[in-house]
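A.B. asks: Got a file for you: input_37.cif, mmCIF, C-alpha atoms.
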data_query
loop_
_atom_site.label_atom_id
_atom_site.label_comp_id
_atom_site.auth_asym_id
_atom_site.auth_seq_id
_atom_site.Cartn_x
_atom_site.Cartn_y
_atom_site.Cartn_z
CA MET A 1 0.67 46.76 -38.03
CA THR A 2 -0.33 49.42 -35.49
CA PRO A 3 1.95 50.33 -32.53
CA SER A 4 -0.64 48.97 -30.05
CA ILE A 5 -0.76 45.56 -31.75
CA LYS A 6 3.04 45.45 -31.81
CA LYS A 7 3.13 46.16 -28.07
CA ILE A 8 0.64 43.36 -27.35
CA LEU A 9 2.69 40.92 -29.45
CA VAL A 10 5.83 41.91 -27.53
CA LEU A 11 3.97 41.26 -24.27
CA LEU A 12 2.88 37.81 -25.47
CA LEU A 13 6.50 36.98 -26.35
CA PHE A 14 7.59 38.22 -22.93
CA VAL A 15 4.92 36.13 -21.16
CA THR A 16 5.93 33.03 -23.13
CA SER A 17 9.57 33.50 -22.16
CA LEU A 18 8.59 34.19 -18.55
CA GLN A 19 6.53 31.02 -18.46
CA SER A 20 9.50 28.93 -19.63
CA ILE A 21 11.83 30.46 -17.05
CA ASN A 22 9.42 30.33 -14.12
CA ALA A 23 8.34 26.77 -14.91
CA GLN A 24 11.90 25.75 -14.08
CA LEU A 25 11.60 27.62 -10.77
CA GLY A 26 8.36 25.82 -9.89
CA PHE A 27 5.80 28.57 -10.46
CA SER A 28 2.61 27.90 -12.42
CA HIS A 29 0.88 30.32 -14.76
CA GLU A 30 -2.52 31.61 -15.77
CA LEU A 31 -3.49 33.50 -18.89
CA GLY A 32 -6.69 35.42 -19.58
CA PHE A 33 -8.66 37.99 -21.52
CA ILE A 34 -10.61 40.90 -20.04
CA THR A 35 -13.05 43.42 -21.47
CA GLY A 36 -15.58 45.95 -20.24
CA PRO A 37 -16.76 49.57 -20.11
CA VAL A 38 -14.40 52.42 -19.21
CA ALA A 39 -15.71 55.59 -17.53
CA PHE A 40 -13.19 58.37 -18.24
CA GLN A 41 -13.03 61.26 -15.76
CA SER A 42 -11.27 63.94 -17.78
CA ASP A 43 -11.18 67.67 -18.46
CA TYR A 44 -14.24 67.32 -20.69
CA GLY A 45 -17.48 68.37 -19.06
CA GLU A 46 -17.94 69.14 -15.39
CA ARG A 47 -15.91 67.11 -12.94
CA TYR A 48 -17.97 64.93 -10.55
CA ASP A 49 -21.08 65.55 -12.67
CA PHE A 50 -23.25 62.44 -13.15
CA ASP A 51 -24.15 63.19 -16.78
CA THR A 52 -20.48 63.61 -17.68
CA ASN A 53 -19.45 60.44 -15.86
CA SER A 54 -22.26 58.35 -17.34
CA GLY A 55 -21.93 59.84 -20.84
CA ASN A 56 -18.17 59.69 -21.38
CA VAL A 57 -17.90 55.91 -21.37
CA GLY A 58 -15.76 53.84 -23.72
CA ILE A 59 -14.63 50.24 -24.01
CA GLY A 60 -11.42 48.45 -23.13
CA VAL A 61 -9.81 45.07 -23.79
CA GLY A 62 -6.78 43.46 -22.25
CA LEU A 63 -4.56 40.42 -21.80
CA VAL A 64 -3.60 39.28 -18.30
CA HIS A 65 -0.97 36.86 -17.02
CA TYR A 66 -0.59 35.53 -13.47
CA ILE A 67 2.24 33.91 -11.58
CA ASN A 68 0.61 31.41 -9.23
CA PHE A 69 2.78 30.46 -6.25
CA ALA A 70 0.34 27.93 -4.78
CA TYR A 71 0.94 25.30 -7.47
CA ARG A 72 4.21 24.02 -8.97
CA ALA A 73 4.49 23.53 -12.73
CA ASP A 74 7.56 21.29 -12.48
CA CYS A 75 5.84 18.56 -10.50
CA ASN A 76 2.09 19.28 -10.93
CA CYS A 77 1.77 19.50 -7.17
CA TYR A 78 1.05 22.13 -4.53
CA SER A 79 3.96 24.25 -3.34
CA ARG A 80 5.11 24.58 0.25
CA ASP A 81 2.23 25.88 2.38
CA THR A 82 3.21 29.44 3.30
CA TYR A 83 1.06 32.54 3.64
CA TRP A 84 2.69 34.14 0.58
CA ASN A 85 2.17 31.07 -1.61
CA ASP A 86 -1.45 30.64 -0.55
CA HIS A 87 -2.65 34.27 -0.60
CA PHE A 88 -0.72 36.24 -3.25
CA LYS A 89 -0.42 36.28 -7.04
CA ILE A 90 1.53 38.57 -9.35
CA ARG A 91 -0.41 39.82 -12.35
CA SER A 92 0.97 41.41 -15.50
CA GLU A 93 -1.43 43.16 -17.85
CA ALA A 94 -1.57 44.88 -21.23
CA GLY A 95 -4.72 46.84 -22.01
CA TYR A 96 -6.09 49.20 -24.62
CA HIS A 97 -9.13 51.44 -24.17
CA VAL A 98 -10.86 54.05 -26.30
CA THR A 99 -13.35 56.65 -25.03
CA THR A 100 -15.23 59.35 -26.93
CA LEU A 101 -15.36 62.53 -24.82
CA ASN A 102 -17.90 65.34 -24.84
CA HIS A 103 -18.50 68.46 -22.74
CA LEU A 104 -21.61 67.24 -20.93
CA SER A 105 -22.56 69.99 -18.48
CA GLU A 106 -25.04 72.77 -17.77
CA LEU A 107 -22.56 75.28 -19.19
CA ALA A 108 -22.41 73.39 -22.49
CA ASP A 109 -26.24 73.39 -22.68
CA LYS A 110 -26.53 77.18 -22.40
CA PRO A 111 -27.69 79.10 -25.51
CA SER A 112 -24.49 81.13 -25.68
CA ILE A 113 -21.31 81.30 -27.76
CA GLY A 114 -19.43 79.46 -25.02
CA GLY A 115 -22.11 76.77 -24.82
CA LEU A 116 -21.99 76.33 -28.59
CA GLN A 117 -18.19 76.03 -28.53
CA LEU A 118 -18.35 73.33 -25.85
CA ARG A 119 -21.20 71.40 -27.49
CA SER A 120 -19.39 71.43 -30.83
CA MET A 121 -16.17 70.02 -29.43
CA GLU A 122 -15.47 66.29 -29.25
CA GLY A 123 -12.44 64.33 -28.13
CA LYS A 124 -11.23 60.76 -28.18
CA ALA A 125 -8.83 59.19 -25.68
CA ARG A 126 -6.84 56.26 -27.09
CA VAL A 127 -4.75 54.70 -24.33
CA PHE A 128 -2.43 51.70 -24.17
CA GLU A 129 -1.26 50.51 -20.75
CA ILE A 130 1.15 47.83 -19.61
CA GLY A 131 2.19 47.00 -16.07
CA ALA A 132 2.01 44.69 -13.06
CA HIS A 133 -0.14 44.23 -9.94
CA LEU A 134 0.21 42.38 -6.67
CA GLU A 135 -3.06 40.65 -5.77
CA TRP A 136 -3.99 39.53 -2.25
CA PHE A 137 -6.59 36.80 -1.75
CA PRO A 138 -7.89 36.78 1.86
CA TRP A 139 -9.13 33.18 1.44
CA SER A 140 -6.92 30.22 0.58
CA ILE A 141 -5.88 29.97 -3.08
CA ARG A 142 -5.37 26.22 -2.60
CA ASP A 143 -8.93 25.72 -1.38
CA PHE A 144 -10.30 27.76 -4.26
CA GLN A 145 -8.31 25.77 -6.84
CA SER A 146 -9.69 22.56 -5.38
CA GLY A 147 -13.24 23.89 -5.94
CA SER A 148 -14.32 24.78 -2.42
CA PRO A 149 -15.23 27.58 -2.07
CA LYS A 150 -16.34 28.51 -5.61
CA VAL A 151 -15.67 32.22 -5.06
CA ALA A 152 -12.34 33.96 -4.35
CA PRO A 153 -12.38 37.73 -3.65
CA TYR A 154 -9.18 39.74 -3.94
CA LEU A 155 -7.60 43.19 -3.63
CA GLY A 156 -4.89 44.40 -5.98
CA PHE A 157 -2.53 47.33 -6.39
CA GLY A 158 0.00 48.12 -9.08
CA ALA A 159 1.42 50.57 -11.60
CA HIS A 160 1.23 50.90 -15.39
CA TYR A 161 3.25 52.58 -18.07
CA VAL A 162 0.80 54.52 -20.24
CA SER A 163 1.09 55.54 -23.89
CA TYR A 164 -1.64 57.81 -25.23
CA ARG A 165 -2.61 59.55 -28.47
CA PRO A 166 -5.75 61.70 -28.01
CA GLU A 167 -7.91 63.43 -30.62
CA ALA A 168 -9.80 66.73 -30.38
CA THR A 169 -12.07 68.22 -33.06
CA SER A 170 -14.88 70.75 -33.40
CA SER A 171 -17.72 70.97 -35.88
CA LEU A 172 -17.09 74.74 -35.92
CA GLY A 173 -13.64 74.31 -37.47
CA PRO A 174 -10.00 73.93 -36.36
CA LEU A 175 -9.46 74.30 -32.61
CA ASN A 176 -7.13 76.63 -30.70
CA ASN A 177 -8.64 79.86 -31.98
CA PRO A 178 -11.16 82.17 -30.24
CA ILE A 179 -13.95 81.43 -32.73
CA THR A 180 -14.10 77.67 -32.22
CA THR A 181 -12.53 77.15 -28.80
CA TYR A 182 -13.87 77.90 -25.34
CA PRO A 183 -11.48 80.40 -23.62
CA THR A 184 -10.48 77.91 -20.90
CA PHE A 185 -8.89 75.64 -23.49
CA LEU A 186 -7.16 78.16 -25.75
CA ASP A 187 -3.57 77.03 -26.26
CA ARG A 188 -4.21 74.15 -23.87
CA ILE A 189 -4.99 71.43 -26.43
CA ASP A 190 -2.29 68.94 -27.35
CA THR A 191 -3.10 65.81 -29.37
CA SER A 192 0.46 64.60 -29.84
CA GLN A 193 1.51 61.20 -28.53
CA GLY A 194 2.75 61.11 -24.95
CA SER A 195 3.32 58.89 -21.94
CA ALA A 196 2.39 58.82 -18.27
CA ILE A 197 2.36 56.59 -15.19
CA ALA A 198 -0.87 55.20 -13.77
CA LEU A 199 -1.45 53.90 -10.24
CA VAL A 200 -3.97 51.08 -10.31
CA GLY A 201 -6.30 49.87 -7.55
CA ASP A 202 -8.40 46.77 -8.10
CA ILE A 203 -11.14 44.95 -6.19
CA GLY A 204 -12.67 41.85 -7.66
CA MET A 205 -13.53 38.21 -7.43
CA ARG A 206 -13.06 34.94 -9.26
CA TYR A 207 -15.70 32.26 -9.76
CA LYS A 208 -14.55 28.69 -10.39
CA LEU A 209 -15.90 27.48 -13.75
CA GLY A 210 -13.87 24.27 -13.90
CA PRO A 211 -10.61 22.73 -12.70
CA LEU A 212 -8.57 24.86 -15.13
CA SER A 213 -10.73 27.96 -15.71
CA ASP A 214 -12.20 30.90 -13.78
CA LEU A 215 -14.61 33.73 -14.44
CA LEU A 216 -13.07 37.08 -13.41
CA ILE A 217 -15.11 40.15 -12.36
CA SER A 218 -13.27 43.26 -11.24
CA SER A 219 -13.59 46.98 -10.67
CA LYS A 220 -10.39 48.95 -11.35
CA TRP A 221 -9.33 52.55 -10.87
CA HIS A 222 -6.42 53.96 -12.91
CA TYR A 223 -5.10 57.31 -11.69
CA TYR A 224 -2.72 59.08 -14.09
CA VAL A 225 -0.08 60.49 -11.75
CA ASN A 226 1.99 62.68 -14.08
CA ASP A 227 -1.08 63.65 -16.12
CA ASN A 228 -0.04 65.72 -19.10
CA TYR A 229 -2.61 65.46 -21.88
CA VAL A 230 -4.04 61.93 -21.65
CA ASP A 231 -7.38 63.33 -22.84
CA GLY A 232 -5.76 66.02 -25.02
CA LEU A 233 -6.68 68.90 -22.68
CA SER A 234 -4.97 70.76 -19.85
CA PRO A 235 -7.25 73.67 -18.93
CA LEU A 236 -6.31 76.92 -17.23
CA ASN A 237 -8.99 76.59 -14.59
CA GLU A 238 -8.48 76.64 -10.82
CA ASN A 239 -11.55 74.44 -10.35
CA ASN A 240 -10.39 71.76 -12.79
CA ARG A 241 -6.81 70.89 -11.88
CA ALA A 242 -7.31 67.25 -10.88
CA ASN A 243 -5.56 64.58 -12.89
CA ASP A 244 -7.40 62.33 -15.30
CA TRP A 245 -8.51 58.90 -14.10
CA ILE A 246 -10.65 56.02 -15.29
CA TRP A 247 -12.91 53.42 -13.74
CA TRP A 248 -12.83 50.16 -15.68
CA PHE A 249 -15.34 47.36 -15.02
CA ASN A 250 -13.87 44.07 -16.22
CA VAL A 251 -15.32 40.69 -17.04
CA GLY A 252 -12.75 38.09 -18.04
CA TYR A 253 -11.90 34.47 -18.59
CA ILE A 254 -8.81 32.95 -16.94
CA LEU A 255 -7.19 29.71 -18.06
CA TYR A 256 -4.68 27.76 -15.93
CA LEU A 257 -1.67 26.74 -18.03
#
Any chance you could give the structure as structure tokens?
C.D. replies:
Amino acid sequence: MTPSIKKILVLLLFVTSLQSINAQLGFSHELGFITGPVAFQSDYGERYDFDTNSGNVGIGVGLVHYINFAYRADCNCYSRDTYWNDHFKIRSEAGYHVTTLNHLSELADKPSIGGLQLRSMEGKARVFEIGAHLEWFPWSIRDFQSGSPKVAPYLGFGAHYVSYRPEATSSLGPLNNPITTYPTFLDRIDTSQGSAIALVGDIGMRYKLGPLSDLLISSKWHYYVNDNYVDGLSPLNENNRANDWIWWFNVGYILYL
């Protein structure tokens, strides 16, 4: 069993326990699955370059759990009508995404030794994240649950613990020597396992499919605050010191428990 699968199983056990405890406190719960493309802005390629951003795209999957304050699980009735209960949810999430990374840039396309070194290099970012968000719904959660309106937009913000294990290879041979490696990255490649913290911003919407199910569509940004080597690289380059981040477009299915 891989470490990522173990972490997801631990999360499921945690969610199950949380559901039992919170049910006694009157909260209700929602559980869902999300998936979608991940655009990884890393030290591969040229930062802010369209070809790099559109080419270095992977895929991610995740499990999400919500604490819903608008409805009580202990009595199958609506909770006291307060702004907090009717406009906020707490979301916990575990996600895993994988992105293949290439140096897509004009420099990599040049017919030079440096261009050949960049073109021949390929990386892979394997990232597991777990954390929590606070989501704000500007429209009434009660009204949405009753089916009118059918759409519920929201804004979310949170933080994730991140575990990563990148890969970096070259068709020219082993990296970290002057023959195979572009000078910027000499002695700046580390593919060992590490951890980081990600700040997460989310804007999305739900569409009511039925009394107990929603379609979720969201656009999320994950910014790796203490970026070490999430993508396996940390270049010595004054023009490329920004931390790694991802944009993750999600489509998901949410079930009310």
A.B. asks: Write out as a ChimeraX atom specification each polymer residue whose atoms come within 9 Å of Ala70 (chain A), counting all atoms listed in the file; drop sequence neighbours fewer than 3 positions from it.
C.D. replies: /A:27-28,77-82,84-89,141-142
A.B. asks: On this file, the PyMOL selection byres ((chain A and resi 193) around 6) gives some set of residues; write that set as a list in words.
C.D. replies: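 Going through the file, the PyMOL selection byres ((chain A and resi 193) around 6) ends up selecting Tyr164, Arg165, Ser192 and Gly194 of chain A.
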A.B. asks: Contacts of Thr191 (chain A) at 8 Å or less, counting only C-alpha atoms, minus same-chain residues fewer than 4 places along, as a PyMOL selection string?
C.D. replies: chain A and resi 165-168+229+232
A.B. asks: Given the point (-6.5, 73.4, -25.9) in the file's coordinates, find the residues that have an atom at most 10 Å from it, counting all atoms listed in the file, and give them as a list in words.
C.D. replies: Ala168, Leu175, Asn176, Asn177, Thr181, Tyr182, Pro183, Thr184, Phe185, Leu186, Asp187, Arg188, Ile189, Asp190, Thr191, Tyr229, Gly232, Leu233, Ser234, Pro235 and Leu236 of chain A
A.B. asks: Could you check the closest approach to Val230 (chain A) for each of A:His97, A:Lys150, A:Lys208, A:Lys110 and tell me which residue wins, using only C-alpha atoms?
C.D. replies: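 Looking only at the distances to Val230 (chain A), the closest residue turns out to be A:His97.
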A.B. asks: Find the residue from A:Ile130, A:Ile246, A:Leu257, A:Val57 that sits nearest to Lys220 (chain A); use all atoms listed in the file when measuring.
C.D. replies: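 Nearest candidate to Lys220 (chain A) out of A:Ile130, A:Ile246, A:Leu257, A:Val57: A:Ile246.
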A.B. asks: Please write as a PyMOL selection string the full residue list that the PyMOL selection byres ((chain A and resi 113-119) around 6) yields on this file.
C.D. replies: chain A and resi 103+107-110+112+120-121+180-182
A.B. asks: Which distance in Å separates CA of Pro178 (chain A) and CA of Asp43 (chain A), to one decimal?
C.D. replies: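 According to the coordinates, CA of Pro178 (chain A) and CA of Asp43 (chain A) are separated by 18.7 Å.
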A.B. asks: Written as a PyMOL selection string, what is the full residue list that the PyMOL selection byres ((chain A and resi 145) around 12) yields on the file shown?
C.D. replies: chain A and resi 68+70-71+77-78+86-87+139-144+146-152+206-214+255-256
A.B. asks: Which of these residues is nearest to Asn53 (chain A), using all atoms listed in the file: A:Leu104, A:Leu199, A:Ile67, A:Leu31?
C.D. replies: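 Checking each of A:Leu104, A:Leu199, A:Ile67, A:Leu31 against Asn53 (chain A), counting all atoms listed in the file, the winner is A:Leu104.
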A.B. asks: To one decimal place, how far is CA of His65 (chain A) from CA of Tyr253 (chain A) in Å?
C.D. replies: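 These two atoms are separated by 11.3 Å.
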A.B. asks: Give me the residues near Ser92 (chain A) as a ChimeraX atom specification, where near means some atom within 7 Å (using all atoms listed in the file) and where sequence neighbours in that chain fewer than 2 positions away do not count.
C.D. replies: /A:64-66,90,131-133
A.B. asks: Between A:Leu172, A:Thr52, A:Met205, A:Leu215, which is the closest to Glu106 (chain A) once you count all atoms listed in the file?
C.D. replies: A:Thr52
A.B. asks: Please compute the CA of Ser171 (chain A)-CA of Glu122 (chain A) distance, one decimal, in Å.
C.D. replies: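 About the pair CA of Ser171 (chain A) and CA of Glu122 (chain A): they are 8.4 Å apart.
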A.B. asks: So which residues touch Pro37 (chain A) within 12 Å, counting all atoms listed in the file, skipping near sequence neighbours fewer than 6 positions away, as a ChimeraX atom specification?
C.D. replies: /A:53-62,96-99,218-220,246-251
A.B. asks: Output requested as a compact mmCIF listing (two decimals), keeping the file's coordinate frame - region 50-61 of chain A, filled out with all heavy atoms.
C.D. replies:
# COMPACT_ATOMS: atom_id res chain seq x y z
N PHE A 50 -22.77 63.77 -12.79
CA PHE A 50 -23.25 62.44 -13.15
C PHE A 50 -23.41 62.27 -14.65
O PHE A 50 -23.05 61.24 -15.22
CB PHE A 50 -24.59 62.16 -12.46
CG PHE A 50 -25.21 60.85 -12.86
CD1 PHE A 50 -24.76 59.65 -12.30
CD2 PHE A 50 -26.23 60.79 -13.81
CE1 PHE A 50 -25.31 58.44 -12.68
CE2 PHE A 50 -26.78 59.58 -14.19
CZ PHE A 50 -26.32 58.40 -13.62
N ASP A 51 -23.95 63.30 -15.33
CA ASP A 51 -24.15 63.19 -16.78
C ASP A 51 -22.83 63.02 -17.52
O ASP A 51 -22.73 62.25 -18.48
CB ASP A 51 -24.88 64.42 -17.31
CG ASP A 51 -26.34 64.47 -16.86
OD1 ASP A 51 -26.88 63.40 -16.54
OD2 ASP A 51 -26.91 65.58 -16.82
N THR A 52 -21.80 63.74 -17.06
CA THR A 52 -20.48 63.61 -17.68
C THR A 52 -19.92 62.21 -17.45
O THR A 52 -19.43 61.55 -18.37
CB THR A 52 -19.50 64.65 -17.12
OG1 THR A 52 -19.98 65.96 -17.43
CG2 THR A 52 -18.12 64.47 -17.70
N ASN A 53 -20.01 61.74 -16.19
CA ASN A 53 -19.45 60.44 -15.86
C ASN A 53 -20.17 59.30 -16.56
O ASN A 53 -19.56 58.31 -16.96
CB ASN A 53 -19.48 60.22 -14.34
CG ASN A 53 -18.57 61.18 -13.60
OD1 ASN A 53 -17.64 61.72 -14.17
ND2 ASN A 53 -18.86 61.39 -12.33
N SER A 54 -21.50 59.43 -16.71
CA SER A 54 -22.26 58.35 -17.34
C SER A 54 -22.24 58.46 -18.86
O SER A 54 -22.49 57.47 -19.55
CB SER A 54 -23.72 58.38 -16.85
OG SER A 54 -24.34 59.63 -17.18
N GLY A 55 -21.92 59.64 -19.40
CA GLY A 55 -21.93 59.84 -20.84
C GLY A 55 -20.60 59.57 -21.51
O GLY A 55 -20.54 59.07 -22.63
N ASN A 56 -19.51 59.90 -20.82
CA ASN A 56 -18.17 59.69 -21.38
C ASN A 56 -17.65 58.30 -21.01
O ASN A 56 -16.79 58.14 -20.15
CB ASN A 56 -17.21 60.78 -20.90
CG ASN A 56 -17.49 62.11 -21.56
OD1 ASN A 56 -18.07 62.18 -22.64
ND2 ASN A 56 -17.09 63.19 -20.90
N VAL A 57 -18.23 57.31 -21.65
CA VAL A 57 -17.90 55.91 -21.37
C VAL A 57 -17.44 55.24 -22.65
O VAL A 57 -18.07 55.36 -23.69
CB VAL A 57 -19.12 55.15 -20.79
CG1 VAL A 57 -18.79 53.67 -20.62
CG2 VAL A 57 -19.53 55.76 -19.46
N GLY A 58 -16.30 54.55 -22.57
CA GLY A 58 -15.76 53.84 -23.72
C GLY A 58 -15.70 52.35 -23.47
O GLY A 58 -16.44 51.81 -22.64
N ILE A 59 -14.77 51.69 -24.14
CA ILE A 59 -14.63 50.24 -24.01
C ILE A 59 -13.14 49.90 -23.98
O ILE A 59 -12.32 50.57 -24.62
CB ILE A 59 -15.32 49.51 -25.18
CG1 ILE A 59 -15.36 48.00 -24.95
CG2 ILE A 59 -14.67 49.86 -26.50
CD1 ILE A 59 -16.32 47.56 -23.88
N GLY A 60 -12.81 48.88 -23.22
CA GLY A 60 -11.42 48.45 -23.13
C GLY A 60 -11.29 46.95 -23.25
O GLY A 60 -12.23 46.19 -22.93
N VAL A 61 -10.13 46.50 -23.72
CA VAL A 61 -9.81 45.07 -23.79
C VAL A 61 -8.39 44.89 -23.25
O VAL A 61 -7.58 45.82 -23.26
CB VAL A 61 -9.89 44.53 -25.24
CG1 VAL A 61 -11.32 44.60 -25.75
CG2 VAL A 61 -8.95 45.29 -26.17
